[in-house]
Amino acid sequence: MTGTEVFFVDGAVGTQVEELARVLGEEKGVSDVEKYVQEISGRTDVTAAVVSESSGGVLAKLSEERIESAYNQLFAIAALESSGGVDNIAEVVAKDIAEHAENGVAGLRVLNSLYNVTKSGNARAAVFGGLAELAGRTQTAAALVAVVPRISAMVNEWGVKARKQGLVSLLALRKAFDEGQLSNEAYAVELAYLTASNLEEMDIEQIAQVAKSAIVRFANLSGVCDVDALAGLPTVQTLVKLEKLATAGGLLENMLGSDYEQWQKYSKENHEDLTALGVDLERAGDKMRLLTLASLAAERVGQPIEYTEIAKAIDVEEDDVELWVIDVVRSGLVQGKMHQGSRTLVPSRSTFRHFGTPQWQHLAQRLDEWRVALDSLLPVVRNAREIAQQQANNSSGQARVTIAE
């Protein structure tokens with residue numbers, strides 16, 4: 001989705017107007033198509049006339065073979081005949097396509113083209129909202145998965161003035177992904193929404209609802225383990241301080257800082273509230289096992305951790321420890337080696353759930369340990385270099401004696 005002003009149409013603007021007016025007349029079933037074409041072509045506000053006549057799904061309901069060419073003509077007319085260009089018609093056209101297009105894939109292609117020929121942030125945000133609405137209505141949200149990694153960048157490109165419209169569009173996209181059972185993508189959209197939200201300018205209750213949904217979604221999604229990506233957002237931190245997240249706030253706090261034993265106690269005491277919130281306690285419990293194992297590994301990087309210690313920390317049978325280690329490695333939280341002979345895990349890298357004061361203190365301690373180790377190693381290295389140099393000199397002297405003979 002990048003801006004462009006290239007229109008693949010043939011003929012002058014007048015010809016485009018006549019051809020498009022003829023399509024409109026035929027689709028509307030007017031009795032005298034040629035007279036209708038002349039009336040449209042003679043209008044001074046031809047772009048407004050064509051857009052008005054095409055509303056209600058007249059163009060949007062065209063077949064897959066005809067819809068793109070018809071809208072390309074409309075966009076070309078607007079770009080060349082209207083002082084505001086395509087931006088002036090973008091919102092109206094996008095809404096009409098979103099509500100009436102019968103072929104979801106073809107409609108998405110048209111809206112993608114419309115997005116690319118618009119310039120202003122407001123117009124682009126509105127068209128993106130149309131994309132999301134159409135995808136949800138026609139069950140074609142999978143076609144928008146590719147834009148998920150760029151969502152935050154796109155919102156920034158739309159600018160501050162388009163923020164409110166942009167966030168409405170993000171909610172429409174989240175709905176489309178939910179209807180398509182694409183929870184991971186819906187969660188990514190919620191993170192983008194919360195990143196772009198401004199509590200001083202917007203409805204704080206609406207933002208809080210999105211934050212609650214994101215927290216529950218994080219707890220339930222097995223493939224998402226970076227809790228700090230959510231908890232570290234300034235908007236979320238402010239909502240927690242303002243006590244706007246209720247049970248969800250407590251859930252986030254526990255997933256951020258508790259070990260599995262503490263989680264068991266918390267989830268048992270708040271079982272009804274968590275269930276009512278939509279938390280899948282079994283999935284959330286499994287995630288807490290992974291996070292607990294990652295925290296244990298982060299504190300013991302380079303050191304062996306016995307399977308018995310891991311089993312106790314995450315409350316599983318010792319024979320199941322290797323399966324959990326495989327899962328935590330697959331999640332990207334830990335790297336390391338398992339030693340079946342000694343039944344230990346030696347982590348080489350691990351991710352802290354949250355990097356706060358305790359983690360900085362732990363890092364400082366590890367750096368001090370490394371400095372002491374290096375200080376004790378330097379005399380050994382220096383002595384080894386002296387021995388090597390002495391041996392080199394002796395060898396050189398023997399070589400010279402041999403040559404002299």
# chains A, B, ... in the order shown; residues from 1 in each chain; ligands from 1
$ residues_around --residues "segment 182-188 of chain A" --least-positions-apart "5" --cutoff "12 Å" --atoms "only C-alpha atoms" --output "number ranges by chain"
A: 132, 136, 139-152, 170-177, 193-195, 210-226, 229-230
$ residues_around --residues "Gly302 of chain A" --least-positions-apart "2" --cutoff "8 Å" --atoms "only C-alpha atoms" --output "list in words"
Arg300, Pro304, Val346, Pro347 and Ser348 of chain A
$ closest_residue --among "A:Leu290, A:Ala135, A:Ala311, A:Ala196" --to "Gly332 of chain A" --atoms "only C-alpha atoms"
A:Leu290
$ closest_atom_pairs --of "segment 92-180 of chain A" --to "segment 33-56 of chain A" --cutoff "12 Å" --atoms "only C-alpha atoms" --output "tab-separated table"
residue	atom	partner	partner_atom	distance
A:Val92	CA	A:Val51	CA	8.2
A:Val93	CA	A:Val51	CA	7.4
A:Ala94	CA	A:Ser55	CA	10.4
A:Lys95	CA	A:Ser55	CA	9.5
A:Asp96	CA	A:Ser55	CA	6.3
A:Ile97	CA	A:Ser55	CA	8.8
A:Ala98	CA	A:Gly56	CA	10.9
A:Glu99	CA	A:Gly56	CA	8.6
A:His100	CA	A:Gly56	CA	7.2
A:Ala101	CA	A:Gly56	CA	10.0
$ write_last_selection --atoms "N, CA, C and O atoms" --output "compact mmCIF listing (two decimals), in the first residue's frame"
# COMPACT_ATOMS: atom_id res chain seq x y z
N VAL A 92 -16.56 8.37 0.73
CA VAL A 92 -17.88 7.98 0.24
C VAL A 92 -17.80 6.70 -0.59
O VAL A 92 -18.60 5.77 -0.42
N VAL A 93 -16.83 6.65 -1.47
CA VAL A 93 -16.67 5.47 -2.33
C VAL A 93 -16.30 4.24 -1.51
O VAL A 93 -16.84 3.14 -1.72
N ALA A 94 -15.38 4.40 -0.57
CA ALA A 94 -14.96 3.27 0.26
C ALA A 94 -16.13 2.71 1.06
O ALA A 94 -16.30 1.49 1.17
N LYS A 95 -16.95 3.60 1.60
CA LYS A 95 -18.11 3.17 2.38
C LYS A 95 -19.10 2.40 1.50
O LYS A 95 -19.65 1.37 1.91
N ASP A 96 -19.31 2.88 0.28
CA ASP A 96 -20.26 2.23 -0.62
C ASP A 96 -19.77 0.84 -1.02
O ASP A 96 -20.55 -0.13 -1.04
N ILE A 97 -18.48 0.72 -1.29
CA ILE A 97 -17.93 -0.59 -1.65
C ILE A 97 -17.99 -1.53 -0.46
O ILE A 97 -18.35 -2.71 -0.59
N ALA A 98 -17.64 -1.02 0.73
CA ALA A 98 -17.65 -1.86 1.93
C ALA A 98 -19.04 -2.41 2.22
O ALA A 98 -19.19 -3.55 2.68
N GLU A 99 -20.06 -1.62 1.95
CA GLU A 99 -21.43 -2.02 2.27
C GLU A 99 -22.08 -2.87 1.18
O GLU A 99 -22.97 -3.68 1.47
N HIS A 100 -21.66 -2.70 -0.09
CA HIS A 100 -22.42 -3.31 -1.18
C HIS A 100 -21.67 -4.30 -2.07
O HIS A 100 -22.33 -5.06 -2.80
N ALA A 101 -20.35 -4.29 -2.06
CA ALA A 101 -19.62 -5.19 -2.96
C ALA A 101 -20.00 -6.64 -2.68
O ALA A 101 -20.03 -7.08 -1.53
$ select_by_dssp --residues "segment 223-401 of chain A" --states "strand (DSSP E or B)" --output "PyMOL selection string"
chain A and resi 305-306+334-339+344-350
$ residues_around --residues "Ser169 of chain A" --least-positions-apart "6" --cutoff "10 Å" --atoms "only C-alpha atoms" --output "list in words"
Arg124, Ala125, Ala126, Val127, Phe128, Gly129, Gly130, Leu131, Ala132, Glu133, Val155, Arg163, Lys175 and Tyr193 of chain A
$ select_by_dssp --residues "segment 135-241 of chain A" --states "alpha helix (DSSP H)" --output "VMD selection string"
chain A and resid 135 to 137 151 to 158 163 to 179 183 to 196 204 to 220 228 to 231 234 to 241
$ write_last_selection --atoms "C-alpha atoms" --output "PDB file, in the first residue's frame"
ATOM      1  CA  ALA A 135     -13.160  -8.088   4.717  1.00  0.00           C
ATOM      2  CA  GLY A 136     -15.273  -8.736   7.787  1.00  0.00           C
ATOM      3  CA  ARG A 137     -18.582  -8.741   5.901  1.00  0.00           C
ATOM      4  CA  ILE A 151      -0.108  -1.405  10.761  1.00  0.00           C
ATOM      5  CA  SER A 152       1.696   0.800  13.304  1.00  0.00           C
ATOM      6  CA  ALA A 153       3.775   2.406  10.546  1.00  0.00           C
ATOM      7  CA  MET A 154       0.636   3.045   8.498  1.00  0.00           C
ATOM      8  CA  VAL A 155      -1.118   4.729  11.435  1.00  0.00           C
ATOM      9  CA  ASN A 156       1.930   6.966  11.894  1.00  0.00           C
ATOM     10  CA  GLU A 157       1.889   7.799   8.185  1.00  0.00           C
ATOM     11  CA  TRP A 158      -1.750   8.892   8.431  1.00  0.00           C
ATOM     12  CA  ARG A 163      -5.719   9.494  14.428  1.00  0.00           C
ATOM     13  CA  LYS A 164      -9.373   9.232  15.446  1.00  0.00           C
ATOM     14  CA  GLN A 165     -10.441   7.958  12.011  1.00  0.00           C
ATOM     15  CA  GLY A 166      -7.451   5.633  11.970  1.00  0.00           C
ATOM     16  CA  LEU A 167      -8.303   4.063  15.294  1.00  0.00           C
ATOM     17  CA  VAL A 168     -11.892   3.494  14.185  1.00  0.00           C
ATOM     18  CA  SER A 169     -10.463   1.686  11.164  1.00  0.00           C
ATOM     19  CA  LEU A 170      -8.264  -0.455  13.407  1.00  0.00           C
ATOM     20  CA  LEU A 171     -11.302  -1.526  15.417  1.00  0.00           C
ATOM     21  CA  ALA A 172     -12.998  -2.530  12.169  1.00  0.00           C
ATOM     22  CA  LEU A 173      -9.933  -4.569  11.229  1.00  0.00           C
ATOM     23  CA  ARG A 174      -9.893  -6.250  14.632  1.00  0.00           C
ATOM     24  CA  LYS A 175     -13.538  -7.199  14.160  1.00  0.00           C
ATOM     25  CA  ALA A 176     -12.757  -8.644  10.728  1.00  0.00           C
ATOM     26  CA  PHE A 177      -9.919 -10.742  12.111  1.00  0.00           C
ATOM     27  CA  ASP A 178     -12.086 -11.961  14.978  1.00  0.00           C
ATOM     28  CA  GLU A 179     -14.828 -12.981  12.562  1.00  0.00           C
ATOM     29  CA  SER A 183      -6.797 -14.084  16.962  1.00  0.00           C
ATOM     30  CA  ASN A 184      -3.052 -13.526  16.643  1.00  0.00           C
ATOM     31  CA  GLU A 185      -3.622 -10.854  14.020  1.00  0.00           C
ATOM     32  CA  ALA A 186      -6.441  -9.291  16.067  1.00  0.00           C
ATOM     33  CA  TYR A 187      -4.041  -9.078  19.025  1.00  0.00           C
ATOM     34  CA  ALA A 188      -1.436  -7.335  16.848  1.00  0.00           C
ATOM     35  CA  VAL A 189      -4.089  -4.801  15.806  1.00  0.00           C
ATOM     36  CA  GLU A 190      -4.957  -4.173  19.463  1.00  0.00           C
ATOM     37  CA  LEU A 191      -1.305  -3.470  20.244  1.00  0.00           C
ATOM     38  CA  ALA A 192      -1.200  -0.984  17.355  1.00  0.00           C
ATOM     39  CA  TYR A 193      -4.413   0.637  18.619  1.00  0.00           C
ATOM     40  CA  LEU A 194      -3.066   1.003  22.149  1.00  0.00           C
ATOM     41  CA  THR A 195       0.249   2.337  20.837  1.00  0.00           C
ATOM     42  CA  ALA A 196      -1.487   5.062  18.827  1.00  0.00           C
ATOM     43  CA  ILE A 204     -10.724   6.476  27.920  1.00  0.00           C
ATOM     44  CA  GLU A 205     -13.394   3.821  28.453  1.00  0.00           C
ATOM     45  CA  GLN A 206     -13.113   2.686  24.837  1.00  0.00           C
ATOM     46  CA  ILE A 207      -9.334   2.454  25.137  1.00  0.00           C
ATOM     47  CA  ALA A 208      -9.695   0.542  28.407  1.00  0.00           C
ATOM     48  CA  GLN A 209     -11.988  -1.979  26.711  1.00  0.00           C
ATOM     49  CA  VAL A 210      -9.400  -2.590  24.001  1.00  0.00           C
ATOM     50  CA  ALA A 211      -6.677  -2.972  26.653  1.00  0.00           C
ATOM     51  CA  LYS A 212      -8.784  -5.509  28.578  1.00  0.00           C
ATOM     52  CA  SER A 213      -9.390  -7.473  25.397  1.00  0.00           C
ATOM     53  CA  ALA A 214      -5.671  -7.461  24.586  1.00  0.00           C
ATOM     54  CA  ILE A 215      -4.773  -8.715  28.072  1.00  0.00           C
ATOM     55  CA  VAL A 216      -7.245 -11.588  27.882  1.00  0.00           C
ATOM     56  CA  ARG A 217      -6.132 -12.401  24.359  1.00  0.00           C
ATOM     57  CA  PHE A 218      -2.489 -12.495  25.495  1.00  0.00           C
ATOM     58  CA  ALA A 219      -3.398 -14.909  28.283  1.00  0.00           C
ATOM     59  CA  ASN A 220      -5.211 -17.213  25.853  1.00  0.00           C
ATOM     60  CA  ASP A 228       6.262  -6.663  28.055  1.00  0.00           C
ATOM     61  CA  ALA A 229       5.150  -5.701  24.536  1.00  0.00           C
ATOM     62  CA  LEU A 230       1.717  -5.168  26.092  1.00  0.00           C
ATOM     63  CA  ALA A 231       2.512  -4.230  29.690  1.00  0.00           C
ATOM     64  CA  PRO A 234       2.516   3.838  28.179  1.00  0.00           C
ATOM     65  CA  THR A 235      -1.244   3.757  27.557  1.00  0.00           C
ATOM     66  CA  VAL A 236      -1.604   0.436  29.373  1.00  0.00           C
ATOM     67  CA  GLN A 237       0.598   1.579  32.249  1.00  0.00           C
ATOM     68  CA  THR A 238      -1.527   4.708  32.667  1.00  0.00           C
ATOM     69  CA  LEU A 239      -4.754   2.695  32.627  1.00  0.00           C
ATOM     70  CA  VAL A 240      -3.337   0.430  35.334  1.00  0.00           C
ATOM     71  CA  LYS A 241      -2.446   3.442  37.500  1.00  0.00           C
TER      72      LYS A 241
END
$ residues_around --residues "Arg289 of chain A" --least-positions-apart "3" --cutoff "7 Å" --atoms "only C-alpha atoms" --output "PDB file with all heavy atoms, in the first residue's frame"
ATOM      1  N   TYR A 260       4.841 -19.691  38.645  1.00  0.00           N
ATOM      2  CA  TYR A 260       3.697 -20.566  38.449  1.00  0.00           C
ATOM      3  C   TYR A 260       2.969 -20.855  39.760  1.00  0.00           C
ATOM      4  O   TYR A 260       1.729 -20.932  39.787  1.00  0.00           O
ATOM      5  CB  TYR A 260       4.119 -21.881  37.788  1.00  0.00           C
ATOM      6  CG  TYR A 260       2.945 -22.761  37.470  1.00  0.00           C
ATOM      7  CD1 TYR A 260       2.052 -22.413  36.464  1.00  0.00           C
ATOM      8  CD2 TYR A 260       2.701 -23.923  38.194  1.00  0.00           C
ATOM      9  CE1 TYR A 260       0.953 -23.202  36.179  1.00  0.00           C
ATOM     10  CE2 TYR A 260       1.600 -24.728  37.910  1.00  0.00           C
ATOM     11  CZ  TYR A 260       0.726 -24.351  36.900  1.00  0.00           C
ATOM     12  OH  TYR A 260      -0.380 -25.128  36.630  1.00  0.00           O
ATOM     13  N   GLY A 285      -2.564 -21.027  32.247  1.00  0.00           N
ATOM     14  CA  GLY A 285      -1.671 -21.752  33.142  1.00  0.00           C
ATOM     15  C   GLY A 285      -0.461 -22.315  32.408  1.00  0.00           C
ATOM     16  O   GLY A 285       0.673 -22.247  32.908  1.00  0.00           O
ATOM     17  N   ASP A 286      -0.688 -22.845  31.213  1.00  0.00           N
ATOM     18  CA  ASP A 286       0.429 -23.353  30.414  1.00  0.00           C
ATOM     19  C   ASP A 286       1.387 -22.224  30.048  1.00  0.00           C
ATOM     20  O   ASP A 286       2.616 -22.406  30.044  1.00  0.00           O
ATOM     21  CB  ASP A 286      -0.095 -24.021  29.143  1.00  0.00           C
ATOM     22  CG  ASP A 286      -0.741 -25.374  29.427  1.00  0.00           C
ATOM     23  OD1 ASP A 286      -0.544 -25.899  30.547  1.00  0.00           O
ATOM     24  OD2 ASP A 286      -1.434 -25.902  28.539  1.00  0.00           O
ATOM     25  N   THR A 292       7.492 -18.876  33.615  1.00  0.00           N
ATOM     26  CA  THR A 292       8.239 -19.213  34.829  1.00  0.00           C
ATOM     27  C   THR A 292       9.556 -19.895  34.474  1.00  0.00           C
ATOM     28  O   THR A 292      10.612 -19.578  35.045  1.00  0.00           O
ATOM     29  CB  THR A 292       7.403 -20.141  35.734  1.00  0.00           C
ATOM     30  OG1 THR A 292       6.220 -19.454  36.132  1.00  0.00           O
ATOM     31  CG2 THR A 292       8.191 -20.555  36.974  1.00  0.00           C
ATOM     32  N   LEU A 293       9.514 -20.812  33.525  1.00  0.00           N
ATOM     33  CA  LEU A 293      10.732 -21.487  33.081  1.00  0.00           C
ATOM     34  C   LEU A 293      11.702 -20.495  32.450  1.00  0.00           C
ATOM     35  O   LEU A 293      12.921 -20.567  32.683  1.00  0.00           O
ATOM     36  CB  LEU A 293      10.367 -22.595  32.085  1.00  0.00           C
ATOM     37  CG  LEU A 293      11.519 -23.410  31.481  1.00  0.00           C
ATOM     38  CD1 LEU A 293      12.469 -23.911  32.559  1.00  0.00           C
ATOM     39  CD2 LEU A 293      10.962 -24.567  30.659  1.00  0.00           C
ATOM     40  N   ILE A 314       7.496 -25.514  37.831  1.00  0.00           N
ATOM     41  CA  ILE A 314       6.310 -25.405  36.965  1.00  0.00           C
ATOM     42  C   ILE A 314       5.273 -26.499  37.254  1.00  0.00           C
ATOM     43  O   ILE A 314       4.296 -26.629  36.513  1.00  0.00           O
ATOM     44  CB  ILE A 314       6.714 -25.435  35.478  1.00  0.00           C
ATOM     45  CG1 ILE A 314       7.386 -26.759  35.103  1.00  0.00           C
ATOM     46  CG2 ILE A 314       7.650 -24.273  35.156  1.00  0.00           C
ATOM     47  CD1 ILE A 314       7.706 -26.876  33.614  1.00  0.00           C
TER      48      ILE A 314
END
$ residues_around --residues "Val23 of chain A" --least-positions-apart "5" --cutoff "10 Å" --atoms "only C-alpha atoms" --output "count of residues only"
12
$ closest_residue --among "A:Val227, A:Leu233, A:Leu199, A:Val110" --to "Glu253 of chain A" --atoms "only C-alpha atoms"
A:Val227
$ residues_around --residues "segment 335-343 of chain A" --least-positions-apart "4" --cutoff "9 Å" --atoms "only C-alpha atoms" --output "ChimeraX atom specification"
/A:301-302,305-308,322,325,328-330,347-350
$ write_last_selection --atoms "N, CA, C and O atoms" --output "PDB file, in the first residue's frame"
ATOM      1  N   VAL A 301      21.710 -18.175  33.381  1.00  0.00           N
ATOM      2  CA  VAL A 301      22.336 -18.311  32.067  1.00  0.00           C
ATOM      3  C   VAL A 301      23.760 -18.861  32.226  1.00  0.00           C
ATOM      4  O   VAL A 301      24.552 -18.358  33.015  1.00  0.00           O
ATOM      5  N   GLY A 302      24.058 -19.912  31.465  1.00  0.00           N
ATOM      6  CA  GLY A 302      25.380 -20.518  31.521  1.00  0.00           C
ATOM      7  C   GLY A 302      25.567 -21.505  32.653  1.00  0.00           C
ATOM      8  O   GLY A 302      26.639 -22.113  32.782  1.00  0.00           O
ATOM      9  N   ILE A 305      20.713 -26.273  35.198  1.00  0.00           N
ATOM     10  CA  ILE A 305      19.506 -26.306  36.032  1.00  0.00           C
ATOM     11  C   ILE A 305      18.972 -27.733  35.983  1.00  0.00           C
ATOM     12  O   ILE A 305      18.667 -28.253  34.910  1.00  0.00           O
ATOM     13  N   GLU A 306      18.859 -28.349  37.101  1.00  0.00           N
ATOM     14  CA  GLU A 306      18.428 -29.743  37.145  1.00  0.00           C
ATOM     15  C   GLU A 306      16.948 -29.871  36.801  1.00  0.00           C
ATOM     16  O   GLU A 306      16.138 -28.992  37.114  1.00  0.00           O
ATOM     17  N   TYR A 307      16.618 -30.981  36.167  1.00  0.00           N
ATOM     18  CA  TYR A 307      15.225 -31.233  35.807  1.00  0.00           C
ATOM     19  C   TYR A 307      14.315 -31.227  37.028  1.00  0.00           C
ATOM     20  O   TYR A 307      13.155 -30.811  36.952  1.00  0.00           O
ATOM     21  N   THR A 308      14.832 -31.714  38.154  1.00  0.00           N
ATOM     22  CA  THR A 308      14.003 -31.746  39.363  1.00  0.00           C
ATOM     23  C   THR A 308      13.594 -30.335  39.777  1.00  0.00           C
ATOM     24  O   THR A 308      12.467 -30.117  40.224  1.00  0.00           O
ATOM     25  N   GLU A 322      11.430 -32.239  29.649  1.00  0.00           N
ATOM     26  CA  GLU A 322      12.024 -32.021  28.327  1.00  0.00           C
ATOM     27  C   GLU A 322      10.991 -31.485  27.336  1.00  0.00           C
ATOM     28  O   GLU A 322      11.312 -30.654  26.481  1.00  0.00           O
ATOM     29  N   VAL A 325      10.692 -27.843  28.028  1.00  0.00           N
ATOM     30  CA  VAL A 325      11.884 -27.136  27.567  1.00  0.00           C
ATOM     31  C   VAL A 325      11.807 -26.930  26.049  1.00  0.00           C
ATOM     32  O   VAL A 325      12.120 -25.852  25.535  1.00  0.00           O
ATOM     33  N   VAL A 328       9.384 -24.095  25.405  1.00  0.00           N
ATOM     34  CA  VAL A 328       9.877 -22.759  25.744  1.00  0.00           C
ATOM     35  C   VAL A 328      10.944 -22.305  24.756  1.00  0.00           C
ATOM     36  O   VAL A 328      11.060 -21.111  24.456  1.00  0.00           O
ATOM     37  N   VAL A 329      11.697 -23.256  24.207  1.00  0.00           N
ATOM     38  CA  VAL A 329      12.674 -22.923  23.172  1.00  0.00           C
ATOM     39  C   VAL A 329      11.946 -22.549  21.885  1.00  0.00           C
ATOM     40  O   VAL A 329      12.284 -21.571  21.208  1.00  0.00           O
ATOM     41  N   ARG A 330      10.907 -23.330  21.550  1.00  0.00           N
ATOM     42  CA  ARG A 330      10.129 -23.053  20.338  1.00  0.00           C
ATOM     43  C   ARG A 330       9.460 -21.675  20.411  1.00  0.00           C
ATOM     44  O   ARG A 330       9.298 -21.002  19.390  1.00  0.00           O
ATOM     45  N   PRO A 347      20.978 -23.024  29.982  1.00  0.00           N
ATOM     46  CA  PRO A 347      20.508 -21.950  29.089  1.00  0.00           C
ATOM     47  C   PRO A 347      21.654 -21.057  28.628  1.00  0.00           C
ATOM     48  O   PRO A 347      22.521 -20.696  29.429  1.00  0.00           O
ATOM     49  N   SER A 348      21.678 -20.742  27.363  1.00  0.00           N
ATOM     50  CA  SER A 348      22.675 -19.803  26.833  1.00  0.00           C
ATOM     51  C   SER A 348      22.096 -18.408  26.647  1.00  0.00           C
ATOM     52  O   SER A 348      22.834 -17.425  26.548  1.00  0.00           O
ATOM     53  N   ARG A 349      20.787 -18.337  26.571  1.00  0.00           N
ATOM     54  CA  ARG A 349      20.104 -17.046  26.464  1.00  0.00           C
ATOM     55  C   ARG A 349      18.691 -17.214  26.961  1.00  0.00           C
ATOM     56  O   ARG A 349      18.068 -18.256  26.758  1.00  0.00           O
ATOM     57  N   SER A 350      18.165 -16.194  27.611  1.00  0.00           N
ATOM     58  CA  SER A 350      16.777 -16.218  28.041  1.00  0.00           C
ATOM     59  C   SER A 350      16.237 -14.802  28.109  1.00  0.00           C
ATOM     60  O   SER A 350      16.998 -13.837  28.219  1.00  0.00           O
TER      61      SER A 350
END
